[in-house]
file upload-v7.cif (mmCIF, C-alpha atoms; chains and numbers go by the auth columns)
data_start
#
loop_
_atom_site.group_PDB
_atom_site.id
_atom_site.type_symbol
_atom_site.label_atom_id
_atom_site.label_comp_id
_atom_site.label_asym_id
_atom_site.label_seq_id
_atom_site.Cartn_x
_atom_site.Cartn_y
_atom_site.Cartn_z
_atom_site.B_iso_or_equiv
_atom_site.auth_seq_id
_atom_site.auth_asym_id
ATOM 1 C CA MET A 1 61.987 -5.250 -38.644 0.00 1 H
ATOM 2 C CA VAL A 2 59.179 -6.843 -36.600 0.00 2 H
ATOM 3 C CA SER A 3 60.029 -9.853 -34.489 0.00 3 H
ATOM 4 C CA ILE A 4 57.984 -13.060 -34.657 0.00 4 H
ATOM 5 C CA THR A 5 56.593 -12.348 -31.182 0.00 5 H
ATOM 6 C CA GLU A 6 55.526 -8.823 -32.181 0.00 6 H
ATOM 7 C CA SER A 7 54.003 -10.149 -35.399 0.00 7 H
ATOM 8 C CA LEU A 8 51.973 -12.745 -33.518 0.00 8 H
ATOM 9 C CA ARG A 9 50.821 -10.093 -31.011 0.00 9 H
ATOM 10 C CA LEU A 10 49.769 -7.699 -33.788 0.00 10 H
ATOM 11 C CA ASN A 11 47.868 -10.470 -35.619 0.00 11 H
ATOM 12 C CA HIS A 12 46.247 -11.542 -32.350 0.00 12 H
ATOM 13 C CA ASN A 13 45.099 -7.959 -31.624 0.00 13 H
ATOM 14 C CA LYS A 14 43.882 -7.544 -35.209 0.00 14 H
ATOM 15 C CA ASN A 15 41.975 -10.845 -34.982 0.00 15 H
ATOM 16 C CA ASN A 16 40.537 -9.878 -31.578 0.00 16 H
ATOM 17 C CA ALA A 17 39.262 -6.583 -32.981 0.00 17 H
ATOM 18 C CA ALA A 18 37.694 -8.360 -35.956 0.00 18 H
ATOM 19 C CA SER A 19 36.278 -11.022 -33.655 0.00 19 H
ATOM 20 C CA THR A 20 34.853 -8.388 -31.292 0.00 20 H
ATOM 21 C CA GLN A 21 33.223 -6.568 -34.207 0.00 21 H
ATOM 22 C CA HIS A 22 31.840 -9.882 -35.547 0.00 22 H
ATOM 23 C CA ASN A 23 30.511 -10.824 -32.085 0.00 23 H
ATOM 24 C CA ALA A 24 28.823 -7.417 -31.756 0.00 24 H
ATOM 25 C CA GLU A 25 27.164 -7.875 -35.162 0.00 25 H
ATOM 26 C CA VAL A 26 25.984 -11.388 -34.248 0.00 26 H
ATOM 27 C CA THR A 27 24.700 -10.142 -30.868 0.00 27 H
ATOM 28 C CA THR A 28 22.785 -7.346 -32.604 0.00 28 H
ATOM 29 C CA GLU A 29 21.258 -9.851 -35.036 0.00 29 H
ATOM 30 C CA ILE A 30 20.282 -12.239 -32.224 0.00 30 H
ATOM 31 C CA THR A 31 18.869 -9.394 -30.106 0.00 31 H
ATOM 32 C CA SER A 32 16.809 -8.201 -33.068 0.00 32 H
ATOM 33 C CA GLU A 33 15.482 -11.715 -33.554 0.00 33 H
ATOM 34 C CA ILE A 34 14.626 -12.042 -29.857 0.00 34 H
ATOM 35 C CA ASN A 35 12.865 -8.685 -29.783 0.00 35 H
ATOM 36 C CA THR A 36 10.714 -9.506 -32.792 0.00 36 H
ATOM 37 C CA HIS A 37 9.946 -13.066 -31.787 0.00 37 H
ATOM 38 C CA GLY A 38 6.292 -13.438 -30.981 0.00 38 H
ATOM 39 C CA GLU A 39 5.213 -9.996 -32.175 0.00 39 H
ATOM 40 C CA THR A 40 2.403 -11.547 -34.181 0.00 40 H
ATOM 41 C CA GLN A 41 1.443 -14.073 -31.507 0.00 41 H
ATOM 42 C CA PHE A 42 -1.700 -13.551 -29.442 0.00 42 H
ATOM 43 C CA LYS A 43 -1.055 -12.419 -25.867 0.00 43 H
ATOM 44 C CA PRO A 44 -3.835 -12.024 -23.298 0.00 44 H
ATOM 45 C CA ASN A 45 -3.687 -9.216 -20.745 0.00 45 H
ATOM 46 C CA THR A 46 -2.222 -10.735 -17.591 0.00 46 H
ATOM 47 C CA THR A 47 -3.806 -9.413 -14.413 0.00 47 H
ATOM 48 C CA VAL A 48 -3.683 -10.118 -10.699 0.00 48 H
ATOM 49 C CA ALA A 49 -6.424 -9.646 -8.091 0.00 49 H
ATOM 50 C CA ALA A 50 -6.712 -10.178 -4.344 0.00 50 H
ATOM 51 C CA VAL A 51 -9.555 -11.564 -2.288 0.00 51 H
ATOM 52 C CA ILE A 52 -8.776 -9.907 1.047 0.00 52 H
ATOM 53 C CA HIS A 53 -10.841 -11.451 3.841 0.00 53 H
ATOM 54 C CA HIS A 54 -11.380 -10.868 7.553 0.00 54 H
ATOM 55 C CA GLN A 55 -14.140 -12.590 9.567 0.00 55 H
ATOM 56 C CA GLY A 56 -16.777 -12.665 6.843 0.00 56 H
ATOM 57 C CA MET A 57 -15.864 -9.290 5.336 0.00 57 H
ATOM 58 C CA PHE A 58 -14.148 -8.647 2.011 0.00 58 H
ATOM 59 C CA LEU A 59 -12.059 -5.611 1.110 0.00 59 H
ATOM 60 C CA LEU A 60 -13.155 -4.080 -2.203 0.00 60 H
ATOM 61 C CA VAL A 61 -12.089 -0.905 -3.940 0.00 61 H
ATOM 62 C CA GLU A 62 -14.460 1.631 -5.430 0.00 62 H
ATOM 63 C CA GLU A 63 -13.421 3.146 -8.735 0.00 63 H
ATOM 64 C CA ILE A 64 -14.791 4.750 -11.896 0.00 64 H
ATOM 65 C CA GLU A 65 -14.763 2.746 -15.134 0.00 65 H
ATOM 66 C CA HIS A 66 -16.291 4.259 -18.278 0.00 66 H
ATOM 67 C CA ASN A 67 -17.956 7.020 -16.201 0.00 67 H
ATOM 68 C CA LYS A 68 -19.617 4.435 -13.945 0.00 68 H
ATOM 69 C CA GLN A 69 -18.957 3.766 -10.261 0.00 69 H
ATOM 70 C CA VAL A 70 -17.876 0.128 -9.828 0.00 70 H
ATOM 71 C CA PHE A 71 -16.471 -2.168 -7.156 0.00 71 H
ATOM 72 C CA ASN A 72 -13.561 -4.539 -7.643 0.00 72 H
ATOM 73 C CA GLN A 73 -10.978 -6.485 -5.738 0.00 73 H
ATOM 74 C CA PRO A 74 -7.623 -4.734 -5.598 0.00 74 H
ATOM 75 C CA ALA A 75 -6.347 -5.711 -9.038 0.00 75 H
ATOM 76 C CA GLY A 76 -4.238 -4.672 -11.976 0.00 76 H
ATOM 77 C CA HIS A 77 -1.898 -5.621 -14.770 0.00 77 H
ATOM 78 C CA LEU A 78 1.388 -7.451 -14.515 0.00 78 H
ATOM 79 C CA GLU A 79 4.238 -5.080 -15.391 0.00 79 H
ATOM 80 C CA GLN A 80 7.358 -5.918 -17.376 0.00 80 H
ATOM 81 C CA GLY A 81 10.062 -7.551 -15.250 0.00 81 H
ATOM 82 C CA GLU A 82 7.635 -8.235 -12.388 0.00 82 H
ATOM 83 C CA ASP A 83 6.650 -11.648 -11.046 0.00 83 H
ATOM 84 C CA LEU A 84 3.044 -12.435 -10.100 0.00 84 H
ATOM 85 C CA ILE A 85 3.545 -12.186 -6.338 0.00 85 H
ATOM 86 C CA GLY A 86 5.361 -8.869 -6.722 0.00 86 H
ATOM 87 C CA ALA A 87 2.503 -7.637 -8.919 0.00 87 H
ATOM 88 C CA ILE A 88 -0.205 -8.427 -6.363 0.00 88 H
ATOM 89 C CA LYS A 89 1.778 -6.866 -3.525 0.00 89 H
ATOM 90 C CA ARG A 90 2.219 -3.701 -5.622 0.00 90 H
ATOM 91 C CA GLU A 91 -1.444 -3.553 -6.667 0.00 91 H
ATOM 92 C CA VAL A 92 -2.704 -4.053 -3.102 0.00 92 H
ATOM 93 C CA LEU A 93 -0.383 -1.298 -1.869 0.00 93 H
ATOM 94 C CA GLU A 94 -1.362 1.107 -4.656 0.00 94 H
ATOM 95 C CA GLU A 95 -5.110 0.525 -4.392 0.00 95 H
ATOM 96 C CA THR A 96 -5.532 0.108 -0.613 0.00 96 H
ATOM 97 C CA GLY A 97 -2.407 1.648 0.919 0.00 97 H
ATOM 98 C CA LEU A 98 -1.762 -1.652 2.721 0.00 98 H
ATOM 99 C CA THR A 99 1.455 -3.671 2.650 0.00 99 H
ATOM 100 C CA LEU A 100 0.172 -7.250 2.523 0.00 100 H
ATOM 101 C CA SER A 101 1.413 -10.591 1.215 0.00 101 H
ATOM 102 C CA PRO A 102 -0.721 -13.293 -0.400 0.00 102 H
ATOM 103 C CA ASP A 103 -1.320 -16.617 1.332 0.00 103 H
ATOM 104 C CA TYR A 104 -2.289 -18.651 -1.749 0.00 104 H
ATOM 105 C CA LEU A 105 -4.151 -18.537 -5.072 0.00 105 H
ATOM 106 C CA SER A 106 -7.863 -19.342 -5.250 0.00 106 H
ATOM 107 C CA GLY A 107 -8.031 -19.522 -9.030 0.00 107 H
ATOM 108 C CA ILE A 108 -6.651 -18.735 -12.457 0.00 108 H
ATOM 109 C CA TYR A 109 -9.195 -17.377 -14.931 0.00 109 H
ATOM 110 C CA TYR A 110 -9.077 -16.946 -18.699 0.00 110 H
ATOM 111 C CA ILE A 111 -11.873 -14.704 -19.929 0.00 111 H
ATOM 112 C CA PHE A 112 -12.948 -12.633 -22.901 0.00 112 H
ATOM 113 C CA ARG A 113 -14.553 -9.249 -22.252 0.00 113 H
ATOM 114 C CA ALA A 114 -16.649 -8.542 -25.318 0.00 114 H
ATOM 115 C CA ASP A 115 -17.264 -4.935 -24.201 0.00 115 H
ATOM 116 C CA LEU A 116 -13.495 -4.326 -24.467 0.00 116 H
ATOM 117 C CA ASN A 117 -12.766 -6.921 -27.153 0.00 117 H
ATOM 118 C CA LEU A 118 -9.922 -8.176 -24.935 0.00 118 H
ATOM 119 C CA TYR A 119 -8.806 -11.456 -23.399 0.00 119 H
ATOM 120 C CA PHE A 120 -7.559 -11.594 -19.825 0.00 120 H
ATOM 121 C CA LEU A 121 -5.592 -14.158 -17.843 0.00 121 H
ATOM 122 C CA ARG A 122 -6.309 -13.379 -14.184 0.00 122 H
ATOM 123 C CA PHE A 123 -4.493 -14.799 -11.178 0.00 123 H
ATOM 124 C CA CYS A 124 -6.592 -14.394 -8.039 0.00 124 H
ATOM 125 C CA PHE A 125 -4.680 -14.395 -4.768 0.00 125 H
ATOM 126 C CA VAL A 126 -6.071 -14.718 -1.257 0.00 126 H
ATOM 127 C CA ILE A 127 -4.981 -12.662 1.730 0.00 127 H
ATOM 128 C CA GLU A 128 -6.529 -13.710 5.037 0.00 128 H
ATOM 129 C CA LEU A 129 -6.174 -11.139 7.813 0.00 129 H
ATOM 130 C CA ASN A 130 -6.275 -11.632 11.577 0.00 130 H
ATOM 131 C CA ASP A 131 -7.169 -7.973 12.151 0.00 131 H
ATOM 132 C CA LEU A 132 -9.384 -5.545 10.290 0.00 132 H
ATOM 133 C CA VAL A 133 -7.097 -2.942 8.721 0.00 133 H
ATOM 134 C CA ILE A 134 -7.891 0.326 7.012 0.00 134 H
ATOM 135 C CA GLY A 135 -5.660 1.851 4.378 0.00 135 H
ATOM 136 C CA ILE A 136 -5.633 4.949 2.237 0.00 136 H
ATOM 137 C CA PRO A 137 -5.460 4.308 -1.530 0.00 137 H
ATOM 138 C CA GLN A 138 -2.353 5.667 -3.242 0.00 138 H
ATOM 139 C CA ASP A 139 -3.849 5.326 -6.729 0.00 139 H
ATOM 140 C CA ASP A 140 -5.806 8.424 -7.843 0.00 140 H
ATOM 141 C CA GLU A 141 -8.235 6.193 -9.772 0.00 141 H
ATOM 142 C CA ILE A 142 -9.441 4.547 -6.544 0.00 142 H
ATOM 143 C CA ILE A 143 -12.203 6.518 -4.828 0.00 143 H
ATOM 144 C CA ALA A 144 -12.320 4.499 -1.605 0.00 144 H
ATOM 145 C CA THR A 145 -11.925 1.081 -0.020 0.00 145 H
ATOM 146 C CA HIS A 146 -14.832 -0.763 1.605 0.00 146 H
ATOM 147 C CA TRP A 147 -15.146 -3.787 3.880 0.00 147 H
ATOM 148 C CA LEU A 148 -18.312 -5.539 2.672 0.00 148 H
ATOM 149 C CA SER A 149 -20.098 -8.715 3.687 0.00 149 H
ATOM 150 C CA LEU A 150 -20.981 -11.346 1.098 0.00 150 H
ATOM 151 C CA LYS A 151 -24.614 -10.204 1.324 0.00 151 H
ATOM 152 C CA GLU A 152 -23.642 -6.575 0.617 0.00 152 H
ATOM 153 C CA ILE A 153 -21.506 -7.648 -2.340 0.00 153 H
ATOM 154 C CA LYS A 154 -24.385 -9.661 -3.790 0.00 154 H
ATOM 155 C CA GLU A 155 -26.690 -6.653 -3.351 0.00 155 H
ATOM 156 C CA LYS A 156 -24.215 -4.603 -5.409 0.00 156 H
ATOM 157 C CA ALA A 157 -23.879 -7.283 -8.117 0.00 157 H
ATOM 158 C CA THR A 158 -24.720 -4.834 -10.923 0.00 158 H
ATOM 159 C CA GLN A 159 -22.007 -2.486 -9.659 0.00 159 H
ATOM 160 C CA MET A 160 -19.187 -5.037 -9.813 0.00 160 H
ATOM 161 C CA ARG A 161 -16.495 -4.253 -12.378 0.00 161 H
ATOM 162 C CA SER A 162 -16.820 -7.763 -13.785 0.00 162 H
ATOM 163 C CA SER A 163 -18.359 -11.116 -12.974 0.00 163 H
ATOM 164 C CA LEU A 164 -14.910 -12.260 -11.836 0.00 164 H
ATOM 165 C CA VAL A 165 -15.249 -10.318 -8.591 0.00 165 H
ATOM 166 C CA MET A 166 -17.995 -12.666 -7.382 0.00 166 H
ATOM 167 C CA GLU A 167 -16.459 -15.736 -9.022 0.00 167 H
ATOM 168 C CA CYS A 168 -13.152 -15.185 -7.184 0.00 168 H
ATOM 169 C CA ILE A 169 -14.997 -14.788 -3.867 0.00 169 H
ATOM 170 C CA GLU A 170 -17.062 -17.934 -4.506 0.00 170 H
ATOM 171 C CA ASP A 171 -13.921 -19.921 -5.336 0.00 171 H
ATOM 172 C CA TYR A 172 -12.337 -18.667 -2.125 0.00 172 H
ATOM 173 C CA LEU A 173 -15.420 -19.668 -0.122 0.00 173 H
ATOM 174 C CA ALA A 174 -15.402 -23.100 -1.826 0.00 174 H
ATOM 175 C CA GLY A 175 -11.935 -23.643 -0.381 0.00 175 H
ATOM 176 C CA ASN A 176 -9.980 -23.566 -3.658 0.00 176 H
ATOM 177 C CA LYS A 177 -6.298 -23.343 -2.805 0.00 177 H
ATOM 178 C CA ILE A 178 -3.293 -23.285 -5.115 0.00 178 H
ATOM 179 C CA ASP A 179 -0.028 -23.124 -3.223 0.00 179 H
ATOM 180 C CA LEU A 180 2.189 -20.142 -4.086 0.00 180 H
ATOM 181 C CA SER A 181 5.081 -22.554 -4.629 0.00 181 H
ATOM 182 C CA SER A 182 3.291 -23.563 -7.858 0.00 182 H
ATOM 183 C CA LEU A 183 4.242 -20.178 -9.332 0.00 183 H
ATOM 184 C CA LYS A 184 7.684 -20.157 -10.886 0.00 184 H
ATOM 185 C CA SER A 185 9.354 -17.042 -12.271 0.00 185 H
ATOM 186 C CA ILE A 186 12.507 -16.975 -14.337 0.00 186 H
ATOM 187 C CA ILE A 187 13.048 -13.309 -15.078 0.00 187 H
#
call {"tool": "encode", "arguments": {"input": "upload-v7.cif", "output": "structure tokens"}}
result
Amino acid sequence: MVSITESLRLNHNKNNAASTQHNAEVTTEITSEINTHGETQFKPNTTVAAVIHHQGMFLLVEEIEHNKQVFNQPAGHLEQGEDLIGAIKREVLEETGLTLSPDYLSGIYYIFRADLNLYFLRFCFVIELNDLVIGIPQDDEIIATHWLSLKEIKEKATQMRSSLVMECIEDYLAGNKIDLSSLKSII
């Protein structure tokens, strides 16, 4: 014969097992809903770029895009689980070999590239250096890095990867500053 205490314990364990199974099913349903939420919503490509400046010179990277030699700021896509500041630090390191931190943002740009049929949301950071530094790119897609004056960049206007290269530099020169504390990440 089972005592009242044993009976209550057995029912409790049976209920806990059923409850655990129910909770797992609900969690699976919720997770499935979360994972599918927004699948049909439009999402622009989020990118980061850095205007790196030292005494009138700007650090650009040389790369090949669509079999054409182009110049760009160190830049790239935000990766899953990464915040914007982490993304720019990673991109600068990969493309220049330099470990640098941004000082502020000079602009946020939303553009459509018809040649790619893609929308981009670009966050342009500024890194102002006290010393001229030379790094070695870690990314195989980067041919070289170059310190160029504004005049040299304008002379290479047709070789810029996009019009945003010059626009980011002009916004920097205009004194546009967005404090990094404006960026909030909850990831």
call {"tool": "closest_residue", "arguments": {"input": "upload-v7.cif", "among": "H:Leu164, H:Ile127, H:Ile85, H:Ile143", "to": "Tyr110 in chain H", "atoms": "all atoms listed in the file"}}
result
H:Leu164
call {"tool": "resolve_selection", "arguments": {"input": "upload-v7.cif", "expression": "the PyMOL selection byres ((chain H and resi 52-67) around 7)", "output": "PyMOL selection string"}}
result
chain H and resi 50-51+68-74+126-132+141-150
call {"tool": "write_last_selection", "arguments": {"input": "upload-v7.cif", "atoms": "C-alpha atoms", "output": "PDB file, keeping the file's coordinate frame"}}
result
ATOM      1  CA  ALA H  50      -6.712 -10.178  -4.344  1.00  0.00           C
ATOM      2  CA  VAL H  51      -9.555 -11.564  -2.288  1.00  0.00           C
ATOM      3  CA  LYS H  68     -19.617   4.435 -13.945  1.00  0.00           C
ATOM      4  CA  GLN H  69     -18.957   3.766 -10.261  1.00  0.00           C
ATOM      5  CA  VAL H  70     -17.876   0.128  -9.828  1.00  0.00           C
ATOM      6  CA  PHE H  71     -16.471  -2.168  -7.156  1.00  0.00           C
ATOM      7  CA  ASN H  72     -13.561  -4.539  -7.643  1.00  0.00           C
ATOM      8  CA  GLN H  73     -10.978  -6.485  -5.738  1.00  0.00           C
ATOM      9  CA  PRO H  74      -7.623  -4.734  -5.598  1.00  0.00           C
ATOM     10  CA  VAL H 126      -6.071 -14.718  -1.257  1.00  0.00           C
ATOM     11  CA  ILE H 127      -4.981 -12.662   1.730  1.00  0.00           C
ATOM     12  CA  GLU H 128      -6.529 -13.710   5.037  1.00  0.00           C
ATOM     13  CA  LEU H 129      -6.174 -11.139   7.813  1.00  0.00           C
ATOM     14  CA  ASN H 130      -6.275 -11.632  11.577  1.00  0.00           C
ATOM     15  CA  ASP H 131      -7.169  -7.973  12.151  1.00  0.00           C
ATOM     16  CA  LEU H 132      -9.384  -5.545  10.290  1.00  0.00           C
ATOM     17  CA  GLU H 141      -8.235   6.193  -9.772  1.00  0.00           C
ATOM     18  CA  ILE H 142      -9.441   4.547  -6.544  1.00  0.00           C
ATOM     19  CA  ILE H 143     -12.203   6.518  -4.828  1.00  0.00           C
ATOM     20  CA  ALA H 144     -12.320   4.499  -1.605  1.00  0.00           C
ATOM     21  CA  THR H 145     -11.925   1.081  -0.020  1.00  0.00           C
ATOM     22  CA  HIS H 146     -14.832  -0.763   1.605  1.00  0.00           C
ATOM     23  CA  TRP H 147     -15.146  -3.787   3.880  1.00  0.00           C
ATOM     24  CA  LEU H 148     -18.312  -5.539   2.672  1.00  0.00           C
ATOM     25  CA  SER H 149     -20.098  -8.715   3.687  1.00  0.00           C
ATOM     26  CA  LEU H 150     -20.981 -11.346   1.098  1.00  0.00           C
TER      27      LEU H 150
END
call {"tool": "residues_around", "arguments": {"input": "upload-v7.cif", "residues": "Ala114 in chain H", "least_positions_apart": "5", "cutoff": "12 Å", "atoms": "only C-alpha atoms", "output": "list in words"}}
result
Tyr119, Phe120 and Ser162 of chain H
call {"tool": "atom_distance", "arguments": {"input": "upload-v7.cif", "atom1": "CA of Ala174 in chain H", "atom2": "CA of Gly107 in chain H"}}
result
10.9 Å
call {"tool": "closest_residue", "arguments": {"input": "upload-v7.cif", "among": "H:Gly38, H:Phe123, H:Asp179, H:Asp139", "to": "Glu94 in chain H", "atoms": "all atoms listed in the file"}}
result
H:Asp139
call {"tool": "resolve_selection", "arguments": {"input": "upload-v7.cif", "expression": "the PyMOL selection byres ((chain H and resi 77) around 6)", "output": "VMD selection string"}}
result
chain H and resid 46 to 47 76 78
call {"tool": "closest_residue", "arguments": {"input": "upload-v7.cif", "among": "H:Asn45, H:Asn176, H:Gln138, H:Thr40", "to": "Asn117 in chain H", "atoms": "only C-alpha atoms"}}
result
H:Asn45
call {"tool": "atom_distance", "arguments": {"input": "upload-v7.cif", "atom1": "CA of Val133 in chain H", "atom2": "CA of Ser106 in chain H"}}
result
21.6 Å
call {"tool": "atom_distance", "arguments": {"input": "upload-v7.cif", "atom1": "CA of Ile108 in chain H", "atom2": "CA of Cys168 in chain H"}}
result
9.1 Å
call {"tool": "resolve_selection", "arguments": {"input": "upload-v7.cif", "expression": "the PyMOL selection byres ((chain H and resi 178) around 6)", "output": "list in words"}}
result
Tyr104, Leu105, Lys177 and Asp179 of chain H
call {"tool": "closest_residue", "arguments": {"input": "upload-v7.cif", "among": "H:Leu93, H:Phe112, H:Ala49, H:Pro102", "to": "Ile169 in chain H", "atoms": "all atoms listed in the file"}}
result
H:Ala49
call {"tool": "closest_residue", "arguments": {"input": "upload-v7.cif", "among": "H:Met160, H:Leu173, H:Leu121, H:Val92", "to": "Ile136 in chain H", "atoms": "all atoms listed in the file"}}
result
H:Val92
call {"tool": "closest_residue", "arguments": {"input": "upload-v7.cif", "among": "H:Leu180, H:Lys89, H:Ala75, H:Lys151", "to": "Asp103 in chain H", "atoms": "all atoms listed in the file"}}
result
H:Leu180
